[in-house]
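J.: Quick one: structure below, then a few questions.
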Amino acid sequence: MSKIALVHDYFIQMGGAERVAAVMHDSFPSAPIYTTVALPHRLPDELRGADIRTSAMQRLPGMERRFRQYFMLYPFAVEQFDLSEYDLILSSSSGYAKGVRRSRNAIHVCYCHTPMRWVWRYQDYAERESFGGMARSILPMFLWGLKKWDLRAAQQPNYYIANSQVVADRIKKIYGREAIVIPRPIDVDRFEPASFVEDYYLILSRLVPYKRIDLAIEACNKLGRRLVIIGDGPDRVRLEKLAGPTVQFLGRQPDTQVNLYASRCRALLFPGEEDFGMVPLEVNAAGRPVIAYRAGGAVETVVEGVTGIFFDKPNSTALINAIEEFEIRLWNTRLMREHAEKFDRKVFSFRVLQFLGSVAPASCASELLEGARLLSGSQVGRTWPRLAS
């Protein structure tokens, strides 16, 4: 029986947090994954055969459409998980998973994507999700209890890992907890540089207002540059009204098409502010540069002049200037690819395993060494004399 348990908030939508949970499962394939809700068609392919254990919330009606409306139930759900038999708990959390209860001698390590956004940065979250006026005015009244629970739950983990320095600073400010930084993983092998580049800029994004895709559209309208937008979301209708004849909306696309467009674009436009932002690194893995707003996680992942350039003000004029500067520079595909490889899922797994090896109970040694063997072969074990002894 596994001495390690994995915990994730929920598998209701597919995003970076779910990809992290899948990579964690790669390291500990025999460990069960506890989660409040798991919709089978929303699971990453890597988790289709995993031992996933859900809460009573799994039986609630309309979960895919109403999962935000059940927000007051998640704390109760995660606290009902019986994890008393596990010596090491590894959670992936942007909300609730950090609040699981553990036995007194167990170690809980939380990989935190961000403190609960819609509690601590409600206005920002409401804009991200395009909440209506009534929801914006009513919901804050119901959040005081959740905020109180979140502060208490934040003390449950023994250790925190943050996906960026931005998030580590936020964890310190809100929870008063220190966090080491291990960036989110990307699957470098999924991408392959192309032998030629086509004449278009690229957006890969969910279409919501905070992504500031309107800046990219406005800039490309004024410059007459071709812009391809892959993704969908509640802001699409508004954005389509802003778009000129050189802007093309493709909606959601399969990975094969995303990879193709990423490898042949002139550059990715990344005009919004993100906690981390995986897409710039994925496009670097495809051998193409990024034009990014200088804020948030992009500051930690874009190497100016090597993997992309920045613009400093959130307006189309600054972006236009950056595009014009970009077009007179030369870019080295090999250097961009090498930069992306520093964030590959294997690098992520090794760094997480290395940290766990320094804090985990001795009873978990064999499972950690097995995770290392799966990752890199038996030689990795020699870097952990404490566990190998």
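The way I read the labels, and the way they are meant: chains A, B, ... in the order of the structure tokens, residue 1 as the first residue of every chain, and ligand 1 as the first ligand shown, with later ones counted on from there.
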What's the 7 Å shell around stretch 273-278 of chain A, counting only C-alpha atoms, without same-chain residues fewer than 5 positions away, as a list in words?
T.: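 The filter keeps Asn163, Ser164, Val166, Val167, Ile186, Lys211, Tyr293, Ala295, Gly296, Gly297 and Ala298 of chain A.
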J.: Run DSSP on the backbone and give me the residues of stretch 155-360 of chain A it puts in alpha helix (DSSP H), as a PyMOL selection string.
T.: chain A and resi 165-175+213-223+236-242+255-264+279-285+298-301+316-326+333-341+345-359
J.: Taking only C-alpha atoms into account, name the residue in A:Arg48, A:His41, A:Lys241, A:Lys172 that is nearest to A:Pro29.
T.: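 Among the listed residues, the smallest separation from A:Pro29 belongs to A:Arg48.
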J.: Quick one: everything within 7 Å of stretch 193-210 of chain A, counting only C-alpha atoms, minus sequence neighbours fewer than 6 positions away in the same chain. Send it as a list in words.
T.: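 Those residues are Glu127, Arg128, Glu129, Arg225, Arg226, Leu227, Val228, Ile229, Ile230, Gly231, Asp232, Gly233, Pro234, Asp235, Arg236, Ser263, Arg264, Cys265, Arg266, Ala267, Leu268, Leu269, Gly272, Ala286 and Gly287 of chain A.
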J.: For those residues, write C-alpha atoms to a file as a short mmCIF file (atom, residue, chain, number, x, y, z; two decimals), in the first residue's frame.
T.:
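The result, stored in selection-v8.cif:
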data_model
loop_
_atom_site.label_atom_id
_atom_site.label_comp_id
_atom_site.auth_asym_id
_atom_site.auth_seq_id
_atom_site.Cartn_x
_atom_site.Cartn_y
_atom_site.Cartn_z
CA GLU A 127 -12.74 40.35 -14.28
CA ARG A 128 -10.96 37.16 -15.30
CA GLU A 129 -14.20 35.20 -15.30
CA ARG A 225 0.01 42.56 -39.46
CA ARG A 226 -1.64 39.17 -39.67
CA LEU A 227 -2.75 37.81 -36.28
CA VAL A 228 -3.96 34.25 -35.67
CA ILE A 229 -5.92 33.72 -32.43
CA ILE A 230 -6.35 30.16 -31.14
CA GLY A 231 -8.67 29.71 -28.17
CA ASP A 232 -12.19 30.48 -27.10
CA GLY A 233 -13.99 32.12 -24.21
CA PRO A 234 -16.63 34.63 -23.10
CA ASP A 235 -14.75 37.62 -24.57
CA ARG A 236 -14.73 36.27 -28.13
CA SER A 263 6.39 26.54 -34.70
CA ARG A 264 5.63 28.68 -37.78
CA CYS A 265 4.58 32.01 -36.24
CA ARG A 266 6.77 35.10 -36.30
CA ALA A 267 6.25 35.41 -32.55
CA LEU A 268 3.76 34.83 -29.78
CA LEU A 269 2.04 37.95 -28.46
CA GLY A 272 -1.66 40.04 -20.31
CA ALA A 286 8.73 25.30 -30.78
CA GLY A 287 11.66 27.56 -31.61
#
J.: Leaving out stretch 322-338 of chain A and any residue of its chain fewer than 4 positions from it, which residues lie within 6 Å of it when counting only C-alpha atoms, given as a ChimeraX atom specification?
T.: /A:284-285,287,307,311
J.: What does the file look like for those residues with N, CA and C atoms, as a tab-separated table (two decimals), in the first residue's frame?
T.:
chain	number	residue	atom	x	y	z
A	284	ASN	N	8.58	28.92	-27.11
A	284	ASN	CA	10.04	28.84	-27.17
A	284	ASN	C	10.48	27.41	-27.50
A	285	ALA	N	9.79	26.42	-26.94
A	285	ALA	CA	10.11	25.02	-27.24
A	285	ALA	C	9.91	24.72	-28.72
A	287	GLY	N	10.62	26.81	-30.92
A	287	GLY	CA	11.66	27.56	-31.61
A	287	GLY	C	11.32	28.98	-31.98
A	307	THR	N	15.01	35.05	-25.86
A	307	THR	CA	13.77	34.30	-26.12
A	307	THR	C	12.59	35.21	-26.41
A	311	PHE	N	7.32	44.73	-23.60
A	311	PHE	CA	6.84	46.10	-23.66
A	311	PHE	C	6.37	46.48	-22.27
J.: For atom CA of A:Phe191 and atom CA of A:Ala17, determine how far apart the two atoms are, in Å to one decimal place.
T.: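 Pair atom CA of A:Phe191 / atom CA of A:Ala17 returns 19.8 Å.
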J.: What's around A:Thr54 at 12 Å? Count only C-alpha atoms, leave out sequence neighbours fewer than 5 positions away in its own chain, and write the answer as a list in words.
T.: Val7, His8, Asp9, Tyr10, Phe11, Pro32, Ile33, Tyr34, Thr35, Thr36, Val37, Ala38, Leu39, Pro40, Arg59, Leu60, Tyr74, Ala77, Val78, Gln80, Phe81 and Asp82 of chain A
J.: Write the selection just made, keeping N, CA and C atoms, as a JSON list (two decimals), in the first residue's frame?
T.:
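part-v7.json, freshly written:
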[["chain", "number", "residue", "atom", "x", "y", "z"],
["A", 7, "VAL", "N", -3.10, 14.98, -3.84],
["A", 7, "VAL", "CA", -4.38, 15.68, -3.68],
["A", 7, "VAL", "C", -4.43, 16.83, -4.68],
["A", 8, "HIS", "N", -5.58, 16.98, -5.35],
["A", 8, "HIS", "CA", -5.77, 18.08, -6.29],
["A", 8, "HIS", "C", -7.16, 18.67, -6.06],
["A", 9, "ASP", "N", -7.31, 19.97, -6.30],
["A", 9, "ASP", "CA", -8.59, 20.64, -6.01],
["A", 9, "ASP", "C", -9.76, 19.94, -6.69],
["A", 10, "TYR", "N", -9.73, 19.88, -8.01],
["A", 10, "TYR", "CA", -10.77, 19.20, -8.79],
["A", 10, "TYR", "C", -10.32, 19.09, -10.25],
["A", 11, "PHE", "N", -10.90, 18.12, -10.94],
["A", 11, "PHE", "CA", -10.65, 17.94, -12.37],
["A", 11, "PHE", "C", -11.94, 18.27, -13.12],
["A", 32, "PRO", "N", -2.64, 7.05, -4.73],
["A", 32, "PRO", "CA", -3.99, 7.49, -5.08],
["A", 32, "PRO", "C", -4.05, 9.01, -5.18],
["A", 33, "ILE", "N", -4.99, 9.50, -5.98],
["A", 33, "ILE", "CA", -5.20, 10.94, -6.14],
["A", 33, "ILE", "C", -6.56, 11.28, -5.54],
["A", 34, "TYR", "N", -6.56, 12.05, -4.49],
["A", 34, "TYR", "CA", -7.80, 12.50, -3.86],
["A", 34, "TYR", "C", -8.20, 13.85, -4.46],
["A", 35, "THR", "N", -9.45, 13.96, -4.84],
["A", 35, "THR", "CA", -9.94, 15.21, -5.41],
["A", 35, "THR", "C", -11.43, 15.33, -5.16],
["A", 36, "THR", "N", -11.93, 16.55, -5.10],
["A", 36, "THR", "CA", -13.35, 16.73, -4.78],
["A", 36, "THR", "C", -14.24, 16.20, -5.90],
["A", 37, "VAL", "N", -13.90, 16.50, -7.14],
["A", 37, "VAL", "CA", -14.71, 16.10, -8.29],
["A", 37, "VAL", "C", -13.77, 15.79, -9.45],
["A", 38, "ALA", "N", -14.09, 14.75, -10.22],
["A", 38, "ALA", "CA", -13.33, 14.43, -11.43],
["A", 38, "ALA", "C", -14.30, 14.09, -12.55],
["A", 39, "LEU", "N", -14.39, 14.93, -13.55],
["A", 39, "LEU", "CA", -15.22, 14.65, -14.72],
["A", 39, "LEU", "C", -14.37, 13.86, -15.71],
["A", 40, "PRO", "N", -14.78, 12.64, -16.05],
["A", 40, "PRO", "CA", -13.93, 11.76, -16.87],
["A", 40, "PRO", "C", -13.43, 12.40, -18.15],
["A", 59, "ARG", "N", -21.37, 13.58, -6.84],
["A", 59, "ARG", "CA", -22.76, 13.26, -7.19],
["A", 59, "ARG", "C", -23.66, 14.48, -7.30],
["A", 60, "LEU", "N", -23.13, 15.66, -7.11],
["A", 60, "LEU", "CA", -23.96, 16.87, -7.22],
["A", 60, "LEU", "C", -24.36, 17.12, -8.67],
["A", 74, "TYR", "N", -16.67, 22.93, -0.92],
["A", 74, "TYR", "CA", -15.35, 22.32, -1.12],
["A", 74, "TYR", "C", -14.55, 22.18, 0.18],
["A", 77, "ALA", "N", -15.64, 19.13, 1.85],
["A", 77, "ALA", "CA", -15.30, 17.93, 1.08],
["A", 77, "ALA", "C", -13.85, 17.52, 1.32],
["A", 78, "VAL", "N", -12.91, 18.47, 1.25],
["A", 78, "VAL", "CA", -11.50, 18.08, 1.41],
["A", 78, "VAL", "C", -11.20, 17.66, 2.84],
["A", 80, "GLN", "N", -13.06, 15.93, 4.69],
["A", 80, "GLN", "CA", -13.61, 14.60, 4.93],
["A", 80, "GLN", "C", -12.72, 13.47, 4.43],
["A", 81, "PHE", "N", -11.71, 13.79, 3.64],
["A", 81, "PHE", "CA", -10.82, 12.74, 3.16],
["A", 81, "PHE", "C", -10.06, 12.13, 4.34],
["A", 82, "ASP", "N", -10.02, 10.82, 4.37],
["A", 82, "ASP", "CA", -9.27, 10.12, 5.42],
["A", 82, "ASP", "C", -7.88, 9.79, 4.88]]
J.: Mind giving me the straight-line distance from atom CA of A:Ile320 to atom CA of A:Gln253 in Å, one decimal?
T.: 27.2 Å
J.: In Å, with one decimal, what is the gap from atom CA of A:Ala219 to atom CA of A:Pro314?
T.: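 Separation between atom CA of A:Ala219 and atom CA of A:Pro314: 11.6 Å.
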J.: Which residues, written as an MDAnalysis selection string, have at least one atom at most 9 Å from stretch 21-27 of chain A, with only C-alpha atoms counted and residues fewer than 6 positions away on the same chain left out?
T.: chainID A and resid 6:8 33 44:47 50 90:92 185 345:346 348:349 352:353 368 370:372 374:375
J.: The selected residues should be written to file as a JSON list (two decimals), in the first residue's frame (atoms: C-alpha atoms).
T.:
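Below is the file again_24.json, written as the result:
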[["chain", "number", "residue", "atom", "x", "y", "z"],
["A", 6, "LEU", "CA", -1.65, 13.05, -4.05],
["A", 7, "VAL", "CA", -4.38, 15.68, -3.68],
["A", 8, "HIS", "CA", -5.77, 18.08, -6.29],
["A", 33, "ILE", "CA", -5.20, 10.94, -6.14],
["A", 44, "PRO", "CA", -5.60, 14.58, -18.75],
["A", 45, "ASP", "CA", -4.82, 11.50, -20.82],
["A", 46, "GLU", "CA", -2.08, 10.52, -18.35],
["A", 47, "LEU", "CA", -4.66, 10.20, -15.57],
["A", 50, "ALA", "CA", -5.04, 6.53, -12.21],
["A", 90, "LEU", "CA", 1.68, 16.09, -2.01],
["A", 91, "SER", "CA", -1.07, 18.51, -2.97],
["A", 92, "SER", "CA", -1.61, 20.63, -6.07],
["A", 185, "PRO", "CA", 6.46, 22.06, -16.16],
["A", 345, "ARG", "CA", 8.50, 18.18, -17.10],
["A", 346, "LYS", "CA", 11.52, 15.94, -16.37],
["A", 348, "PHE", "CA", 10.26, 19.74, -12.78],
["A", 349, "SER", "CA", 9.88, 16.15, -11.57],
["A", 352, "VAL", "CA", 10.21, 18.16, -6.80],
["A", 353, "LEU", "CA", 11.60, 14.70, -6.01],
["A", 368, "LEU", "CA", 10.75, 8.30, -3.72],
["A", 370, "GLU", "CA", 11.20, 4.43, -7.38],
["A", 371, "GLY", "CA", 9.98, 7.81, -8.62],
["A", 372, "ALA", "CA", 13.57, 8.80, -9.29],
["A", 374, "LEU", "CA", 11.18, 6.06, -13.32],
["A", 375, "LEU", "CA", 12.45, 9.54, -14.12]]
J.: With distances taken over only C-alpha atoms, which of A:Ile174, A:Leu223, A:Cys112, A:Ala56 is nearest to A:Asn321?
T.: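 Answer, going by the shortest atom-to-atom distance: A:Leu223.
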J.: So that I can see what lies close to A:Leu319, please list as a VMD selection string the residues with an atom at most 12 Å from it, counting only C-alpha atoms and leaving out residues fewer than 6 positions away in the same chain.
T.: chain A and resid 212 to 223 269 to 272 290 to 294 309 to 313 325 to 326
J.: Generate a file of the selected residues that holds N, CA and C atoms, formatted as a compact mmCIF listing (two decimals), in the first residue's frame.
T.:
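Result file follows (result24.txt):
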# COMPACT_ATOMS: atom_id res chain seq x y z
N ARG A 212 -5.98 40.68 -22.10
CA ARG A 212 -5.66 41.88 -22.89
C ARG A 212 -5.37 41.57 -24.37
N ILE A 213 -6.11 40.64 -24.90
CA ILE A 213 -5.98 40.31 -26.32
C ILE A 213 -6.42 41.48 -27.18
N ASP A 214 -7.25 42.36 -26.62
CA ASP A 214 -7.65 43.56 -27.36
C ASP A 214 -6.44 44.41 -27.74
N LEU A 215 -5.39 44.43 -26.91
CA LEU A 215 -4.18 45.18 -27.25
C LEU A 215 -3.51 44.60 -28.48
N ALA A 216 -3.44 43.27 -28.54
CA ALA A 216 -2.83 42.61 -29.70
C ALA A 216 -3.61 42.88 -30.97
N ILE A 217 -4.94 42.84 -30.86
CA ILE A 217 -5.78 43.11 -32.03
C ILE A 217 -5.61 44.55 -32.50
N GLU A 218 -5.64 45.46 -31.56
CA GLU A 218 -5.50 46.87 -31.92
C GLU A 218 -4.14 47.14 -32.57
N ALA A 219 -3.08 46.55 -32.02
CA ALA A 219 -1.75 46.75 -32.57
C ALA A 219 -1.65 46.18 -33.99
N CYS A 220 -2.16 44.98 -34.19
CA CYS A 220 -2.09 44.35 -35.52
C CYS A 220 -3.01 45.04 -36.52
N ASN A 221 -4.14 45.56 -36.05
CA ASN A 221 -5.00 46.37 -36.92
C ASN A 221 -4.22 47.58 -37.46
N LYS A 222 -3.55 48.28 -36.56
CA LYS A 222 -2.86 49.51 -36.95
C LYS A 222 -1.65 49.23 -37.83
N LEU A 223 -0.96 48.13 -37.55
CA LEU A 223 0.24 47.80 -38.32
C LEU A 223 -0.07 47.03 -39.62
N LEU A 269 2.36 36.72 -29.18
CA LEU A 269 2.04 37.95 -28.46
C LEU A 269 1.42 37.57 -27.12
N PHE A 270 1.97 38.11 -26.04
CA PHE A 270 1.55 37.75 -24.69
C PHE A 270 1.29 39.04 -23.91
N PRO A 271 0.13 39.69 -24.16
CA PRO A 271 -0.09 41.05 -23.64
C PRO A 271 -0.69 41.14 -22.25
N GLY A 272 -1.06 40.01 -21.64
CA GLY A 272 -1.66 40.04 -20.31
C GLY A 272 -0.65 39.76 -19.22
N VAL A 290 8.90 35.47 -28.14
CA VAL A 290 7.71 36.00 -27.48
C VAL A 290 7.83 37.52 -27.36
N ILE A 291 6.71 38.21 -27.56
CA ILE A 291 6.63 39.64 -27.26
C ILE A 291 5.65 39.76 -26.09
N ALA A 292 6.16 40.08 -24.89
CA ALA A 292 5.36 39.96 -23.67
C ALA A 292 5.31 41.27 -22.91
N TYR A 293 4.20 41.47 -22.21
CA TYR A 293 4.08 42.58 -21.27
C TYR A 293 4.97 42.29 -20.07
N ARG A 294 5.76 43.28 -19.67
CA ARG A 294 6.74 43.08 -18.59
C ARG A 294 6.04 43.12 -17.23
N ILE A 309 11.12 39.75 -26.31
CA ILE A 309 11.29 41.11 -25.83
C ILE A 309 10.04 41.53 -25.06
N PHE A 310 10.19 42.59 -24.27
CA PHE A 310 9.09 43.09 -23.44
C PHE A 310 8.58 44.43 -23.96
N PHE A 311 7.32 44.73 -23.60
CA PHE A 311 6.84 46.10 -23.66
C PHE A 311 6.37 46.48 -22.27
N ASP A 312 6.51 47.75 -21.91
CA ASP A 312 6.40 48.15 -20.51
C ASP A 312 5.09 48.80 -20.09
N LYS A 313 4.27 49.20 -21.03
CA LYS A 313 2.98 49.80 -20.68
C LYS A 313 1.85 48.99 -21.32
N GLU A 325 10.36 46.81 -33.07
CA GLU A 325 11.72 46.49 -32.63
C GLU A 325 12.02 45.02 -32.87
N PHE A 326 11.06 44.16 -32.57
CA PHE A 326 11.24 42.72 -32.77
C PHE A 326 11.60 42.41 -34.22
